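Below is one structure, written out as structure tokens; comments come after it.
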Amino acid sequence: MSIRNLDSLFDPASIAVFGASLREGSVGATVWRNLSRGGFPGPLYAVNPRPGALAGQTQYASVAELPQAPELAVICTPPATVPGLVAELAARGTRAAVVVSAGMDAAQRQAMLEAARPGLLRILGPNCIGLLAPHQGVNASFAHINALPGEIAFVSQSGALVTAMLDWARGRGIGFSHFVSLGEHADVDFGDMLDYLASDPRTRAILLYIESVESARKFMSAARSAARNKPVIVVKAGRSAAGQAAAASHTGALAGSDVVFDAAIGRAGMLRVDTLQELFLAAETLSRFRTNRDDAITILTNGGGAGVMAADAAAAAGVALAPLQAATEQALDAVLPPNWSRSNPVDIIGDAPVQRYVQALQILNQDAGSGALLFIHAPTAIVPSADIARALLPLARPAGNLQPARLMSCWLGDAAVAQARQTFREGGIATFETPELAVRAFSMLSRYRRNQDELTQAPPARPAARCPDTAAIRAIVDPALQAGRALLTEPEAKGVLQACGLAVAETRQVAAQAEAAVEAAQQIGFPVVLKILSEDISHKSDQGGVALDLADADAVQRAARDMLARIGRALPQARLQGFTVQAMVRRRHAQELIVGSAIDPVFGPVILFGQGGTAVEVMADRAVGLPPLNVPLARALVARTRVSRLLAGWRDTPAVNQEALDAVLVGVSQLLAEVPEIAELDINPLIVNHEGAVALDARIRLDPRGPAGAPHFAIQPYPAELEEQVEWQGQTLCLRAIRPEDEALHLAFFQSLDPQDVRLRWFYSRRSIERSELARMVQIDYAREMAFVAIAPDPQGQARTLGVVRAITDPDNIQAEFGVIVRSELKGSGLGLLLMQKMIRYLRSQGTRRLCATVLDYNERMLSLARELGFEDDPEQPPEEGVRAIVLPLA
């Protein structure tokens, strides 16, 4: 992943167009016209070897003839010419190129990339529409119209959608900070764009149209980083796949790529929508309303019909209407006509003057239980809509005690409410054209909050509380791999689960003889379940290979003989290893579930949960999550299924043992981390009730290539392996990576610091910290940032943070910038040195080349520590008054 030289792509000082001409209808002519008329302030160069191509305008025949190296090149020439042009440009010093040319074959693409590499020249495309950066006056595209300047970035794999979206947005007055067509994304891809736009000050929301993702960990790391800073909203093509490849397990069939993509979007804290229109609806909502945490709404309207439409939309979307409190109803009685609705929606009647709107909104605002407030107004001749908007707007400012993030508005109509809409938008209030859109936007917000909650989770691959018996698992898996077997037998699969601490039904394997089955049943105790055992039969029940509730020896003997005969007729080529005999598990109020795993070709290992049994594919009630899982993520996975409502209990049926179900899901996550050869896993059915969970059947498919394992997870797990215990000044310190649950410890640590120490570390003095900033400090992406904390018990035995060192690496892993601070009373104790040494060791292990910092020039303690560690003044940084730039080479 890299944002290197992307500034040259989007904010270049000079641009050259290769293939520029005046030939009507040509791509080169369109790009040249768009750039010439787009208001670009820097030099523009037209390059075309054919004399007179620009009818007397200045043109150049080659790269060598240009008066200077263009910072950005736009290439509209035949595919065969592209690699050579890129090589010349890279040698000349050009930093970026937009390759509009289509039709490049694989060899030409590779040659282009190799030509760009020596000069670190970045390439957008090939086969793309181009890019638009309206604030910089750049329209390096062959789009038919320019983009309006705005605060939304749009990045698309589809060129056709780029032009259609431009047309649609311009007609609605929607502007953009950046408008980018990735084309075949040979170099610059979604990960790079997310990294760049996340820190772009002109972009407040990022919209993506995605057809495919190639590098999952790069994409997820960039997406998680961007989604912490601003809303990222996605339309993904291909919700309905034409077909699924055959799989050896139910999980493989159920965990389709689109379901997995949904899981990835949620885990990254982004929001997925279904249509291009919803992209902008979501951007409006999240940009103005995303801090709202309400689960219900109260509707305030001057028209009963509009209120009913909103209430119907809320019911359809699963959005609750907040009940009016008695005190609120009494207060509204005092200011509203006698025939007001006396319920939610609150209908203040169509003849309402301005003051009635103001009073009603003030009263609802004072009711903490009223949730989010949806204001709906239909224009009347009684009072102009603009007057109502001006009167209500002060309430949405801090002095009016109504935060904009609590109020949504819907001005029904067109010209009569246009000024009112504009007033609210300029006031920062989310504004929608219809009640249905407003309610749909609120439901999107609920989904976005759930995804943001998942973003904050950072589970380890191997939780310390539950460690699988790896030796026992390898004792089962390794012989099967050595024998060339892909499928474990049912007893072997259950043995793996038992080694993970999961309960399984007692199972015995016997020869394919009725007498052997009877003997095993008598040893286990009746009733029992009899199953055929064959590597060639994956779904046993489909072939009549399962017999349930066999009450005595005669029943077992008959079932065994019938089963052998049935399998012999249906699958004569099947190789039989025998029978399995297991206890018939009967549990009151039990639910049949499925828990499994599969390998997605893009996102790697995934975990599936849903309603189980033989009709699992028919019911299709399932959700997919990305490992690693912890308890909150496991419960969020369960909550996304319909069966979760049954698991919560109803009438005389108690809720299931949630802790037991959590243990199964987290255990499967650990298993995938520990045993990379597990390609597919099915636990179906998993019987769960208030007493616990037990696996009745299990199937595991192996792959010697090792497609699972923590290194193949799309999300880097919490690095528990970096924890260490260190003896320091007579006490034991725990040095470990920071994690989200450290928030309270980190707040107490911050509040303990002397204001001068805060100033030396962060260049400002203050004693308070915003909750969002605190969350950002403890919720980090370990793929690109690391923070080590020193934890030790206080005199009362409670854990407390003594110090923290943090380093943030650039996307190229070239340079990391660090900061370190310890409790004020521990300055000079050597703790800072201890933390810095741990960070330096870690960064060296990751291949980072340089460690740098900017230090106030009077921060003598930090400068002394830096000298002790080998830091020097950074020769690449120009001197700046009051600060020192220091650097330590790590390579």
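Here, A, B, ... name the chains of the structure tokens in the order displayed, residue numbers run from 1 inside each chain, and ligands are numbered from 1 in the same displayed order.
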
Hey, what's within 10 Å of Pro605 of chain A if we count only C-alpha atoms and toss same-chain stuff fewer than 2 positions away? As a PyMOL selection string, please?
-> chain A and resi 260+597-603+607+625-628+669+672-673+676+678-680+707-710+712-714

Neighbour list for Leu279 of chain A as a ChimeraX atom specification, cut-off 9 Å, only C-alpha atoms, skip fewer than 2 positions in-chain | /A:207-208,233-235,272-277,281-284

Excluding same-chain residues fewer than 4 positions from Ala97 of chain A, what lies within 9 Å of it counting only C-alpha atoms, as JSON, numbers by chain?
-> {"A": [8, 9, 71, 72, 73, 74, 75, 86, 89, 121, 122, 123, 124, 125]}

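Of the residues in segment 408-532 of chain A, those given strand (DSSP E or B) by DSSP on the backbone are Met408, Ser409, Cys410, Trp411, Ala430, Thr431, Phe432, Pro460, Leu487, Val504, Thr507, Arg508, Gln509, Val510, Val528, Val529, Leu530, Lys531 and Ile532 of chain A.
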